[in-house]
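Okay, work-v1.cif now, which holds mmCIF, C-alpha atoms and all ligand atoms:
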```cif
data_structure
loop_
_atom_site.label_atom_id
_atom_site.label_comp_id
_atom_site.auth_asym_id
_atom_site.auth_seq_id
_atom_site.Cartn_x
_atom_site.Cartn_y
_atom_site.Cartn_z
CA MET A 1 8.46 -19.93 -11.96
CA ASN A 2 8.03 -19.33 -8.22
CA ALA A 3 7.52 -22.89 -7.08
CA ILE A 4 9.50 -25.08 -4.71
CA SER A 5 11.65 -27.36 -6.86
CA LEU A 6 11.29 -31.11 -6.73
CA PRO A 7 14.92 -31.65 -5.64
CA THR A 8 14.24 -29.28 -2.71
CA VAL A 9 11.23 -31.39 -1.72
CA LEU A 10 13.36 -34.54 -1.91
CA ARG A 11 15.99 -33.00 0.36
CA ASP A 12 13.44 -32.41 3.14
CA PRO A 13 14.38 -34.88 5.92
CA THR A 14 10.91 -34.60 7.49
CA LEU A 15 9.07 -35.75 4.34
CA ALA A 16 6.79 -38.75 5.09
CA PRO A 17 8.15 -41.98 3.50
CA ALA A 18 5.02 -42.54 1.37
CA LEU A 19 5.24 -39.02 -0.05
CA ARG A 20 9.00 -39.39 -0.62
CA ALA A 21 8.41 -42.58 -2.61
CA ILE A 22 5.90 -40.75 -4.85
CA ALA A 23 8.19 -37.74 -5.28
CA GLU A 24 11.03 -40.05 -6.29
CA LYS A 25 8.83 -41.74 -8.88
CA VAL A 26 7.85 -38.39 -10.35
CA HIS A 27 11.49 -37.31 -10.37
CA ARG A 28 12.37 -40.43 -12.37
CA GLY A 29 9.42 -39.89 -14.73
CA ARG A 30 7.60 -42.98 -13.49
CA ARG A 31 3.85 -43.51 -13.24
CA ILE A 32 2.07 -43.51 -9.87
CA SER A 33 -0.44 -46.19 -8.81
CA VAL A 34 -4.09 -45.96 -7.76
CA ALA A 35 -3.06 -46.35 -4.10
CA GLU A 36 -0.50 -43.56 -4.49
CA GLY A 37 -3.11 -41.34 -6.12
CA LEU A 38 -5.29 -41.84 -3.08
CA THR A 39 -2.37 -41.09 -0.76
CA LEU A 40 -1.88 -37.79 -2.56
CA TYR A 41 -5.54 -36.82 -2.12
CA GLU A 42 -5.58 -37.86 1.54
CA LYS A 43 -2.21 -36.77 2.79
CA ALA A 44 -0.23 -34.51 0.49
CA PRO A 45 0.17 -30.84 1.43
CA LEU A 46 -0.36 -28.15 -1.18
CA GLY A 47 3.29 -27.02 -1.43
CA TYR A 48 4.49 -30.57 -2.04
CA LEU A 49 1.85 -31.17 -4.72
CA GLY A 50 2.74 -27.89 -6.41
CA ALA A 51 6.41 -28.90 -6.60
CA LEU A 52 5.62 -32.26 -8.22
CA ALA A 53 2.97 -30.96 -10.60
CA ASN A 54 5.03 -27.95 -11.65
CA HIS A 55 8.01 -30.20 -12.30
CA ILE A 56 5.89 -32.26 -14.73
CA ARG A 57 4.30 -29.19 -16.28
CA GLU A 58 7.63 -27.51 -16.92
CA ALA A 59 9.22 -30.71 -18.23
CA LYS A 60 6.40 -30.94 -20.78
CA HIS A 61 5.85 -27.28 -21.63
CA GLY A 62 8.35 -25.00 -19.87
CA ASP A 63 6.51 -21.73 -19.23
CA SER A 64 4.29 -22.05 -22.30
CA THR A 65 0.65 -21.45 -21.45
CA TYR A 66 -1.95 -22.00 -24.10
CA PHE A 67 -5.21 -20.27 -24.85
CA ASN A 68 -7.50 -20.10 -27.85
CA ARG A 69 -10.04 -17.76 -29.35
CA ASN A 70 -13.38 -19.46 -29.38
CA PHE A 71 -17.07 -18.96 -28.77
CA HIS A 72 -19.64 -21.22 -27.18
CA MET A 73 -23.06 -21.92 -28.60
CA GLU A 74 -25.88 -23.76 -26.84
CA PRO A 75 -28.78 -24.94 -29.01
CA THR A 76 -31.02 -25.17 -25.94
CA ASN A 77 -30.96 -24.71 -22.18
CA VAL A 78 -33.78 -27.20 -21.66
CA CYS A 79 -32.89 -30.81 -20.96
CA LEU A 80 -34.84 -33.99 -20.42
CA TYR A 81 -32.18 -35.44 -18.14
CA THR A 82 -32.18 -34.57 -14.47
CA CYS A 83 -28.58 -34.16 -13.40
CA THR A 84 -28.70 -32.84 -9.85
CA PHE A 85 -25.74 -30.47 -10.33
CA CYS A 86 -27.12 -28.82 -13.45
CA SER A 87 -29.18 -25.66 -13.62
CA TYR A 88 -30.65 -26.78 -16.97
CA SER A 89 -32.35 -29.89 -15.67
CA GLN A 90 -35.14 -27.94 -13.93
CA ARG A 91 -36.25 -26.18 -17.07
CA ILE A 92 -38.16 -29.00 -18.68
CA LYS A 93 -41.00 -28.16 -16.25
CA LYS A 94 -41.00 -24.51 -17.34
CA ARG A 95 -39.92 -25.01 -20.89
CA GLU A 96 -41.30 -21.69 -22.09
CA ASP A 97 -38.70 -19.84 -19.97
CA GLY A 98 -35.83 -21.39 -21.88
CA TRP A 99 -34.61 -21.21 -25.47
CA GLU A 100 -34.72 -23.84 -28.21
CA TYR A 101 -32.81 -22.56 -31.22
CA GLY A 102 -33.33 -23.88 -34.73
CA LEU A 103 -30.69 -24.26 -37.43
CA ASP A 104 -31.16 -20.72 -38.75
CA ASP A 105 -30.90 -19.21 -35.26
CA LEU A 106 -27.66 -21.06 -34.66
CA MET A 107 -26.26 -20.02 -38.02
CA ASP A 108 -27.16 -16.42 -37.16
CA ILE A 109 -25.01 -16.75 -34.02
CA VAL A 110 -22.14 -18.20 -36.06
CA LYS A 111 -22.43 -15.30 -38.51
CA THR A 112 -22.08 -12.71 -35.74
CA TYR A 113 -18.45 -13.89 -35.47
CA ASP A 114 -17.75 -13.56 -39.19
CA ASP A 115 -15.38 -10.61 -38.82
CA GLN A 116 -13.69 -11.92 -35.66
CA PRO A 117 -10.50 -14.00 -35.51
CA VAL A 118 -12.07 -16.91 -33.59
CA THR A 119 -10.81 -20.36 -34.54
CA GLU A 120 -13.29 -22.63 -32.76
CA VAL A 121 -16.98 -23.01 -32.04
CA HIS A 122 -17.74 -25.08 -28.94
CA ILE A 123 -21.28 -26.49 -29.07
CA VAL A 124 -23.02 -28.09 -26.08
CA GLY A 125 -26.38 -27.81 -24.43
CA GLY A 126 -29.42 -29.70 -23.22
CA VAL A 127 -30.84 -32.89 -24.70
CA LEU A 128 -34.24 -32.70 -26.42
CA PRO A 129 -35.81 -34.98 -29.08
CA GLN A 130 -35.78 -32.43 -31.92
CA TYR A 131 -31.97 -32.23 -31.69
CA ASP A 132 -31.27 -35.49 -33.48
CA VAL A 133 -28.76 -37.00 -35.89
CA GLU A 134 -30.24 -35.10 -38.85
CA PHE A 135 -30.27 -31.79 -36.98
CA TYR A 136 -26.68 -31.97 -35.83
CA SER A 137 -25.39 -33.35 -39.16
CA GLU A 138 -27.01 -30.43 -40.93
CA LEU A 139 -25.69 -27.94 -38.37
CA PHE A 140 -22.11 -29.19 -38.71
CA ARG A 141 -22.39 -29.19 -42.50
CA ARG A 142 -23.73 -25.63 -42.59
CA ILE A 143 -21.08 -24.28 -40.24
CA ARG A 144 -18.26 -25.92 -42.20
CA ALA A 145 -19.66 -24.67 -45.50
CA HIS A 146 -20.11 -21.15 -44.17
CA ARG A 147 -16.73 -20.90 -42.48
CA PRO A 148 -14.29 -23.72 -43.27
CA ASP A 149 -11.57 -22.27 -41.00
CA LEU A 150 -13.75 -22.58 -37.88
CA HIS A 151 -13.07 -25.79 -35.97
CA VAL A 152 -16.28 -27.54 -34.89
CA LYS A 153 -15.84 -28.97 -31.39
CA ALA A 154 -19.24 -30.29 -30.49
CA LEU A 155 -21.42 -32.38 -28.22
CA THR A 156 -20.51 -35.11 -25.79
CA PRO A 157 -21.30 -38.82 -25.41
CA VAL A 158 -24.41 -37.69 -23.51
CA GLU A 159 -25.96 -36.28 -26.69
CA TYR A 160 -24.39 -38.89 -28.98
CA HIS A 161 -25.66 -41.82 -26.93
CA TYR A 162 -29.16 -40.33 -26.98
CA ILE A 163 -29.34 -39.43 -30.67
CA PHE A 164 -27.81 -42.68 -31.92
CA LYS A 165 -30.17 -44.74 -29.78
CA LYS A 166 -33.11 -42.75 -31.14
CA ALA A 167 -31.87 -43.25 -34.72
CA LYS A 168 -31.28 -46.97 -34.02
CA ILE A 169 -27.68 -46.86 -35.17
CA THR A 170 -24.53 -48.09 -33.45
CA TYR A 171 -21.99 -45.77 -31.85
CA GLU A 172 -19.55 -46.65 -34.67
CA GLU A 173 -22.08 -45.77 -37.36
CA GLY A 174 -23.12 -42.61 -35.55
CA MET A 175 -19.64 -41.23 -34.95
CA THR A 176 -18.70 -41.97 -38.56
CA LEU A 177 -21.74 -39.98 -39.71
CA MET A 178 -20.76 -37.09 -37.44
CA LYS A 179 -17.22 -37.07 -38.83
CA GLU A 180 -18.57 -37.07 -42.38
CA ALA A 181 -20.87 -34.16 -41.51
CA GLY A 182 -17.90 -32.05 -40.36
CA LEU A 183 -17.40 -32.71 -36.65
CA GLN A 184 -13.71 -32.17 -35.88
CA SER A 185 -13.33 -32.83 -32.18
CA MET A 186 -15.29 -33.60 -29.04
CA PRO A 187 -15.21 -31.50 -25.87
CA GLY A 188 -14.74 -33.23 -22.53
CA GLY A 189 -18.17 -32.75 -20.97
CA GLY A 190 -20.61 -35.30 -19.63
CA ALA A 191 -17.91 -37.30 -17.83
CA GLU A 192 -18.88 -36.04 -14.35
CA ILE A 193 -17.77 -38.94 -12.11
CA PHE A 194 -17.69 -42.33 -13.83
CA HIS A 195 -18.10 -44.51 -10.73
CA PRO A 196 -21.72 -45.76 -10.57
CA GLU A 197 -21.90 -45.18 -6.79
CA ILE A 198 -21.84 -41.46 -7.57
CA ARG A 199 -22.99 -41.30 -11.20
CA ASP A 200 -26.28 -43.03 -10.39
CA GLN A 201 -27.05 -40.31 -7.84
CA ILE A 202 -26.10 -37.23 -9.84
CA ALA A 203 -26.28 -37.93 -13.57
CA GLY A 204 -30.05 -38.11 -14.06
CA GLY A 205 -30.22 -41.23 -16.25
CA LYS A 206 -27.80 -40.14 -18.95
CA CYS A 207 -25.09 -42.36 -20.46
CA SER A 208 -22.97 -44.45 -18.10
CA GLY A 209 -19.27 -44.02 -17.49
CA GLU A 210 -18.54 -47.05 -19.70
CA GLN A 211 -20.64 -45.62 -22.52
CA TRP A 212 -18.89 -42.25 -22.23
CA LEU A 213 -15.51 -43.94 -22.49
CA ARG A 214 -16.61 -46.20 -25.34
CA ILE A 215 -17.81 -43.29 -27.51
CA HIS A 216 -14.49 -41.49 -27.00
CA GLU A 217 -12.64 -44.70 -27.85
CA ILE A 218 -14.57 -45.06 -31.10
CA TRP A 219 -13.94 -41.41 -31.95
CA HIS A 220 -10.21 -41.86 -31.32
CA ASP A 221 -10.22 -45.01 -33.47
CA LEU A 222 -11.52 -42.82 -36.29
CA GLY A 223 -8.29 -40.83 -35.93
CA MET A 224 -9.91 -37.93 -34.10
CA ARG A 225 -9.14 -36.07 -30.85
CA SER A 226 -11.17 -35.18 -27.78
CA ASN A 227 -10.95 -33.82 -24.24
CA ALA A 228 -11.98 -35.21 -20.87
CA THR A 229 -13.39 -33.62 -17.73
CA MET A 230 -14.17 -34.55 -14.12
CA LEU A 231 -16.83 -32.77 -12.10
CA TYR A 232 -15.47 -32.74 -8.55
CA GLY A 233 -16.26 -31.28 -5.15
CA HIS A 234 -19.83 -32.48 -4.54
CA ILE A 235 -20.77 -35.86 -3.05
CA GLU A 236 -17.87 -37.92 -4.40
CA GLU A 237 -15.04 -39.25 -2.23
CA PHE A 238 -11.36 -39.12 -3.12
CA ARG A 239 -11.42 -42.77 -4.20
CA HIS A 240 -14.03 -41.92 -6.84
CA ARG A 241 -11.79 -39.20 -8.24
CA VAL A 242 -8.83 -41.58 -8.44
CA ASP A 243 -11.02 -44.20 -10.13
CA HIS A 244 -12.12 -41.56 -12.67
CA LEU A 245 -8.53 -40.51 -13.42
CA ASP A 246 -7.47 -44.12 -13.67
CA LYS A 247 -10.14 -44.97 -16.26
CA LEU A 248 -9.05 -42.01 -18.37
CA ARG A 249 -5.39 -42.96 -18.11
CA GLU A 250 -6.23 -46.51 -19.11
CA LEU A 251 -8.16 -45.43 -22.21
CA GLN A 252 -5.44 -42.96 -23.14
CA ASP A 253 -2.89 -45.80 -23.02
CA LYS A 254 -5.04 -47.61 -25.57
CA THR A 255 -5.89 -44.80 -27.99
CA GLY A 256 -3.73 -41.73 -27.28
CA GLY A 257 -6.64 -39.61 -28.52
CA PHE A 258 -7.19 -37.32 -25.51
CA GLN A 259 -5.58 -33.91 -25.68
CA THR A 260 -6.57 -32.17 -22.50
CA PHE A 261 -7.94 -32.96 -19.06
CA ILE A 262 -10.19 -30.32 -17.52
CA PRO A 263 -11.15 -30.62 -13.85
CA LEU A 264 -14.51 -28.87 -13.35
CA LYS A 265 -15.20 -27.51 -9.89
CA PHE A 266 -18.80 -28.07 -8.82
CA ARG A 267 -20.61 -24.72 -8.50
CA ASN A 268 -23.64 -24.68 -6.26
CA GLN A 269 -26.06 -22.02 -7.57
CA ASN A 270 -29.46 -22.81 -9.11
CA ASN A 271 -29.33 -26.57 -8.90
CA GLU A 272 -30.53 -29.41 -6.72
CA MET A 273 -27.23 -29.62 -4.89
CA SER A 274 -27.22 -25.99 -3.77
CA HIS A 275 -27.09 -27.13 -0.15
CA LEU A 276 -23.56 -28.47 -0.67
CA PRO A 277 -20.64 -26.15 0.04
CA GLU A 278 -18.17 -25.55 -2.79
CA SER A 279 -14.60 -26.81 -2.58
CA SER A 280 -11.98 -24.39 -1.26
CA VAL A 281 -9.33 -22.82 -3.46
CA VAL A 282 -6.74 -25.04 -1.74
CA GLU A 283 -8.70 -28.14 -2.71
CA ASP A 284 -9.05 -26.85 -6.27
CA LEU A 285 -5.29 -26.39 -6.58
CA ARG A 286 -4.58 -29.77 -4.98
CA ASN A 287 -6.96 -31.36 -7.48
CA TYR A 288 -5.25 -29.73 -10.46
CA ALA A 289 -1.86 -30.85 -9.17
CA ILE A 290 -2.94 -34.46 -8.51
CA SER A 291 -4.57 -34.64 -11.96
CA ARG A 292 -1.30 -33.45 -13.54
CA ILE A 293 0.70 -36.03 -11.56
CA TYR A 294 -1.68 -38.94 -12.18
CA LEU A 295 -2.35 -38.41 -15.89
CA ASP A 296 1.19 -38.88 -17.11
CA ASN A 297 -0.07 -39.71 -20.61
CA PHE A 298 -2.13 -36.53 -21.08
CA ASP A 299 -0.29 -33.64 -22.72
CA HIS A 300 -2.40 -30.85 -21.24
CA VAL A 301 -4.32 -29.90 -18.10
CA LYS A 302 -6.72 -27.03 -18.53
CA ALA A 303 -8.20 -24.61 -15.99
CA TYR A 304 -11.52 -23.39 -17.27
CA TRP A 305 -11.33 -19.81 -16.00
CA PRO A 306 -15.04 -18.90 -16.23
CA MET A 307 -15.73 -21.63 -13.67
CA ILE A 308 -12.97 -20.90 -11.16
CA GLY A 309 -12.32 -17.20 -11.71
CA ARG A 310 -9.28 -15.42 -13.04
CA THR A 311 -7.21 -15.41 -9.85
CA THR A 312 -7.46 -19.14 -9.23
CA ALA A 313 -6.75 -19.70 -12.93
CA GLN A 314 -3.52 -17.71 -12.53
CA LEU A 315 -2.57 -19.69 -9.41
CA SER A 316 -3.34 -22.97 -11.15
CA LEU A 317 -0.48 -22.27 -13.58
CA ALA A 318 1.88 -23.13 -10.72
CA PHE A 319 -0.03 -26.35 -9.96
CA GLY A 320 0.24 -28.30 -13.19
CA VAL A 321 -2.07 -26.33 -15.49
CA ASP A 322 -0.73 -25.22 -18.89
CA ASP A 323 -3.94 -24.12 -20.65
CA ILE A 324 -6.63 -21.64 -19.67
CA ASP A 325 -9.11 -22.24 -22.48
CA GLY A 326 -10.29 -19.30 -24.46
CA THR A 327 -11.65 -15.86 -24.87
CA ILE A 328 -15.16 -17.41 -24.78
CA ASP A 329 -16.83 -14.30 -26.04
CA ASP A 330 -20.05 -15.98 -25.74
CA THR A 331 -23.72 -16.80 -25.65
CA THR A 332 -23.26 -19.41 -22.93
CA ARG A 333 -25.08 -19.32 -19.64
CA ILE A 334 -24.74 -22.83 -18.21
CA TYR A 335 -21.76 -21.86 -16.07
CA SER A 336 -22.89 -18.43 -14.96
CA MET A 337 -26.23 -19.94 -13.93
CA ALA A 338 -24.33 -22.39 -11.75
CA GLY A 339 -22.46 -19.60 -9.97
CA ALA A 340 -19.48 -18.82 -12.19
CA GLU A 341 -18.56 -15.46 -13.74
CA GLN A 342 -21.64 -13.54 -14.80
CA HIS A 343 -20.50 -12.72 -18.29
CA PRO A 344 -17.64 -15.02 -19.16
CA ALA A 345 -15.70 -13.10 -21.76
CA MET A 346 -12.10 -11.98 -21.84
CA SER A 347 -10.30 -10.25 -24.65
CA THR A 348 -7.09 -11.66 -26.06
CA GLU A 349 -5.22 -8.77 -24.45
CA ASP A 350 -6.72 -9.62 -21.03
CA LEU A 351 -5.77 -13.27 -21.38
CA VAL A 352 -2.23 -12.52 -22.52
CA LYS A 353 -1.70 -10.09 -19.64
CA MET A 354 -3.20 -12.53 -17.17
CA ILE A 355 -0.67 -15.19 -18.23
CA ARG A 356 2.31 -12.85 -18.50
CA SER A 357 1.69 -11.28 -15.09
CA VAL A 358 2.42 -14.60 -13.38
CA GLY A 359 5.63 -15.11 -15.32
CA ARG A 360 4.36 -17.50 -17.96
CA HIS A 361 4.60 -17.42 -21.73
CA PRO A 362 1.27 -16.98 -23.58
CA ILE A 363 0.73 -18.97 -26.75
CA GLU A 364 -2.43 -18.72 -28.79
CA ARG A 365 -3.30 -22.15 -30.11
CA GLY A 366 -5.82 -23.77 -32.37
CA THR A 367 -8.09 -26.53 -31.06
CA LEU A 368 -5.51 -29.21 -31.86
CA TYR A 369 -2.73 -27.21 -30.18
CA GLU A 370 -1.23 -25.93 -33.39
CA VAL A 371 0.53 -22.65 -32.57
CA ILE A 372 -1.31 -19.67 -34.00
CA LYS A 373 0.65 -16.86 -32.39
CA ASP A 374 3.36 -16.46 -29.79
CA TRP A 375 2.32 -13.52 -27.59
CA LYS A 376 5.40 -13.45 -25.36
CA ASP A 377 6.83 -10.16 -26.55
CA VAL A 378 3.80 -8.52 -28.13
CA GLU A 379 3.45 -5.00 -26.74
CA PHE A 380 0.19 -3.36 -25.79
CA ALA A 381 -0.57 0.36 -25.65
CA ASP A 382 -0.60 0.56 -21.84
CA ASP A 383 2.40 -1.75 -21.23
CA ASN A 384 4.58 1.02 -19.82
CA LYS A 385 2.05 2.21 -17.30
CA PHE A 386 2.85 1.88 -13.59
CA ARG A 387 2.76 -1.74 -12.45
CA GLY A 388 3.69 -2.87 -8.95
CA TYR A 389 4.86 -1.07 -5.83
CA THR A 390 7.22 1.85 -5.56
CA SER A 391 7.88 3.90 -2.44
CA LEU A 392 5.63 6.89 -2.13
CA PRO A 393 6.84 10.19 -0.66
CA VAL A 394 6.17 10.35 3.07
CA ALA A 395 5.25 13.64 4.79
CA ARG A 396 7.43 14.22 7.86
O1 LIG A 401 -20.48 -31.96 -18.32
C1 LIG A 401 -22.72 -28.49 -15.33
C2 LIG A 401 -20.41 -29.20 -16.10
C3 LIG A 401 -19.83 -29.64 -18.21
C4 LIG A 401 -22.18 -27.60 -13.44
O2 LIG A 401 -13.55 -29.78 -23.62
C5 LIG A 401 -21.02 -27.96 -14.09
O3 LIG A 401 -12.60 -27.87 -23.87
C6 LIG A 401 -19.77 -27.20 -12.35
O4 LIG A 401 -17.34 -30.06 -20.39
N1 LIG A 401 -20.85 -26.84 -11.63
C7 LIG A 401 -19.79 -29.10 -19.60
N2 LIG A 401 -19.81 -27.77 -13.56
C8 LIG A 401 -18.59 -28.18 -19.78
C9 LIG A 401 -17.41 -28.86 -20.36
C10 LIG A 401 -16.27 -28.08 -20.91
C11 LIG A 401 -16.08 -26.77 -20.55
C12 LIG A 401 -15.00 -26.08 -21.09
C13 LIG A 401 -14.16 -26.65 -21.99
C14 LIG A 401 -14.36 -27.96 -22.35
C15 LIG A 401 -13.45 -28.59 -23.34
C16 LIG A 401 -15.42 -28.70 -21.81
O5 LIG A 401 -20.18 -28.58 -17.32
C17 LIG A 401 -20.83 -30.70 -17.88
C18 LIG A 401 -20.80 -30.64 -16.39
O6 LIG A 401 -19.78 -31.45 -15.89
N3 LIG A 401 -21.39 -28.52 -15.25
N4 LIG A 401 -23.24 -27.91 -14.22
C19 LIG A 401 -22.06 -27.02 -12.14
N5 LIG A 401 -23.14 -26.70 -11.42
FE1 LIG A 402 -28.81 -32.15 -19.33
FE2 LIG A 402 -26.16 -32.02 -19.46
FE3 LIG A 402 -27.51 -30.59 -17.62
FE4 LIG A 402 -27.35 -33.23 -17.38
S1 LIG A 402 -25.60 -31.78 -17.31
S2 LIG A 402 -29.23 -31.97 -17.14
S3 LIG A 402 -27.40 -33.89 -19.50
S4 LIG A 402 -27.60 -30.29 -19.82
#
```
This entry written out as structure tokens:
Amino acid sequence: MNAISLPTVLRDPTLAPALRAIAEKVHRGRRISVAEGLTLYEKAPLGYLGALANHIREAKHGDSTYFNRNFHMEPTNVCLYTCTFCSYSQRIKKREDGWEYGLDDLMDIVKTYDDQPVTEVHIVGGVLPQYDVEFYSELFRRIRAHRPDLHVKALTPVEYHYIFKKAKITYEEGMTLMKEAGLQSMPGGGAEIFHPEIRDQIAGGKCSGEQWLRIHEIWHDLGMRSNATMLYGHIEEFRHRVDHLDKLRELQDKTGGFQTFIPLKFRNQNNEMSHLPESSVVEDLRNYAISRIYLDNFDHVKAYWPMIGRTTAQLSLAFGVDDIDGTIDDTTRIYSMAGAEQHPAMSTEDLVKMIRSVGRHPIERGTLYEVIKDWKDVEFADDNKFRGYTSLPVAR
């Protein structure tokens, strides 16, 4: 791929000693420290970070770039929490403007995908009292009974903490019930920034960072997998990001249950933090690269393309990212309300071409990274059409 190689970086005589020490560690496959993570955020230039992150990415995956075919479903866009970054938190005041789907409504959505080759349903949404342990157990059961091949990736510790507390059961009891009902994995949401200095200001009273981590730990102890996210680019400082990454790396050392880390860029439309500017594309790429370098025990780093756009997603593949999520042909509006793509849907052909056009190798995966189809050499009808520049005739 078109990135500066790590040996080239190491040969640069002008490289600052602190950055050279980190590059040497990465070259030897060694882990970097909290202080070194901070140095990267504060001092490392983009090209240098790209070289290190791409070295790790290619050592783990070569050019392979994963995507899946999924759809998102949100039971409600009303929420009783008041996260300042979220466009859903306002709706509790004007509840009638939102939606609150019942079990049959949600099953109707699932059934609209009956003839489509999707492999995963991703379920998240607001928190409301009627969505409780019974509701979600029944939903998971019905989906699994209706379509056993569809992987149910659902809810986050935010919902689980709330529904288990309401049901007066422990996290262990609750997660066991969810597994029995058919839950197969947990998405990475609700993590935001773990550090209480930031979390207390933005996360509207929902579960703490420790509680988020504990629920994932319990889920992993049940032999199950999950993802992790970090919402960055708002009021946090670099040290809060490093603290967040460090807590994830620590838990992963203990359980090994995380599959993918997904940095989520804060988008500033329709929320209480709309006055904040969004991070630049350079900062987004730096953040992907530092995440890849810091989380040496995570297999995958994902760029969620509906949030950052297709072009940045393509660029991110040279900065440590190896997964660009899914086709997301979807009913979801949480991201578009916050300023992301208006209708986040991409066909498999679009995704494959997007990956191939930056020299990577597209692999369709299932939720647990089982290979479903290698798309490297699959031909499409318009593959031989003109692509790229050729000299045009010039009138003299
Ligand atoms: O936790 C809400 C974020 C998350 C905004 O695991 C916002 O595969 C940016 O976790 N700007 C939910 N982000 C989404 C999520 C996710 C997405 C895709 C794949 C996976 C996975 C997980 O969305 C929330 C919150 O951090 N979010 N509002 C906003 N204004
Ligand atoms: Fe509710 Fe989640 Fe939005 Fe917070 S981020 S207000 S918990 S939907």
**OP:** Pick out the residues no farther than 10 Å from ligand LIG 402 (chain A), counting only C-alpha atoms and all ligand atoms, and list them as a PyMOL selection string.
**Re:** chain A and resi 74+76-92+124-128+155-159+189-192+202-207+271+334
Mind dumping the selected residues with C-alpha atoms as a PDB file, in the frame of the given file?
```
ATOM      1  CA  GLU A  74     -25.880 -23.760 -26.840  1.00  0.00           C
ATOM      2  CA  THR A  76     -31.020 -25.170 -25.940  1.00  0.00           C
ATOM      3  CA  ASN A  77     -30.960 -24.710 -22.180  1.00  0.00           C
ATOM      4  CA  VAL A  78     -33.780 -27.200 -21.660  1.00  0.00           C
ATOM      5  CA  CYS A  79     -32.890 -30.810 -20.960  1.00  0.00           C
ATOM      6  CA  LEU A  80     -34.840 -33.990 -20.420  1.00  0.00           C
ATOM      7  CA  TYR A  81     -32.180 -35.440 -18.140  1.00  0.00           C
ATOM      8  CA  THR A  82     -32.180 -34.570 -14.470  1.00  0.00           C
ATOM      9  CA  CYS A  83     -28.580 -34.160 -13.400  1.00  0.00           C
ATOM     10  CA  THR A  84     -28.700 -32.840  -9.850  1.00  0.00           C
ATOM     11  CA  PHE A  85     -25.740 -30.470 -10.330  1.00  0.00           C
ATOM     12  CA  CYS A  86     -27.120 -28.820 -13.450  1.00  0.00           C
ATOM     13  CA  SER A  87     -29.180 -25.660 -13.620  1.00  0.00           C
ATOM     14  CA  TYR A  88     -30.650 -26.780 -16.970  1.00  0.00           C
ATOM     15  CA  SER A  89     -32.350 -29.890 -15.670  1.00  0.00           C
ATOM     16  CA  GLN A  90     -35.140 -27.940 -13.930  1.00  0.00           C
ATOM     17  CA  ARG A  91     -36.250 -26.180 -17.070  1.00  0.00           C
ATOM     18  CA  ILE A  92     -38.160 -29.000 -18.680  1.00  0.00           C
ATOM     19  CA  VAL A 124     -23.020 -28.090 -26.080  1.00  0.00           C
ATOM     20  CA  GLY A 125     -26.380 -27.810 -24.430  1.00  0.00           C
ATOM     21  CA  GLY A 126     -29.420 -29.700 -23.220  1.00  0.00           C
ATOM     22  CA  VAL A 127     -30.840 -32.890 -24.700  1.00  0.00           C
ATOM     23  CA  LEU A 128     -34.240 -32.700 -26.420  1.00  0.00           C
ATOM     24  CA  LEU A 155     -21.420 -32.380 -28.220  1.00  0.00           C
ATOM     25  CA  THR A 156     -20.510 -35.110 -25.790  1.00  0.00           C
ATOM     26  CA  PRO A 157     -21.300 -38.820 -25.410  1.00  0.00           C
ATOM     27  CA  VAL A 158     -24.410 -37.690 -23.510  1.00  0.00           C
ATOM     28  CA  GLU A 159     -25.960 -36.280 -26.690  1.00  0.00           C
ATOM     29  CA  GLY A 189     -18.170 -32.750 -20.970  1.00  0.00           C
ATOM     30  CA  GLY A 190     -20.610 -35.300 -19.630  1.00  0.00           C
ATOM     31  CA  ALA A 191     -17.910 -37.300 -17.830  1.00  0.00           C
ATOM     32  CA  GLU A 192     -18.880 -36.040 -14.350  1.00  0.00           C
ATOM     33  CA  ILE A 202     -26.100 -37.230  -9.840  1.00  0.00           C
ATOM     34  CA  ALA A 203     -26.280 -37.930 -13.570  1.00  0.00           C
ATOM     35  CA  GLY A 204     -30.050 -38.110 -14.060  1.00  0.00           C
ATOM     36  CA  GLY A 205     -30.220 -41.230 -16.250  1.00  0.00           C
ATOM     37  CA  LYS A 206     -27.800 -40.140 -18.950  1.00  0.00           C
ATOM     38  CA  CYS A 207     -25.090 -42.360 -20.460  1.00  0.00           C
ATOM     39  CA  ASN A 271     -29.330 -26.570  -8.900  1.00  0.00           C
ATOM     40  CA  ILE A 334     -24.740 -22.830 -18.210  1.00  0.00           C
TER      41      ILE A 334
END
```
Original post:
Could you state the separation of atom CA of Arg310 of chain A and atom CA of Asp325 of chain A in Å, given to one decimal place?
Top reply: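 A separation of 11.6 Å between them.
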Subject >> Residue contacts of Glu24 of chain A (10 Å, all atoms listed in the file) excluding same-chain residues fewer than 2 positions away, as number ranges by chain >> reply: A: 6-7, 9-10, 19-22, 26-30, 52
Can you write just those residues out, C-alpha atoms, as a CSV table (one decimal), in the coordinates of the input?
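Dumped everything to part-v4.csv:
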```
chain,number,residue,atom,x,y,z
A,6,LEU,CA,11.3,-31.1,-6.7
A,7,PRO,CA,14.9,-31.6,-5.6
A,9,VAL,CA,11.2,-31.4,-1.7
A,10,LEU,CA,13.4,-34.5,-1.9
A,19,LEU,CA,5.2,-39.0,0.0
A,20,ARG,CA,9.0,-39.4,-0.6
A,21,ALA,CA,8.4,-42.6,-2.6
A,22,ILE,CA,5.9,-40.8,-4.8
A,26,VAL,CA,7.8,-38.4,-10.4
A,27,HIS,CA,11.5,-37.3,-10.4
A,28,ARG,CA,12.4,-40.4,-12.4
A,29,GLY,CA,9.4,-39.9,-14.7
A,30,ARG,CA,7.6,-43.0,-13.5
A,52,LEU,CA,5.6,-32.3,-8.2
```
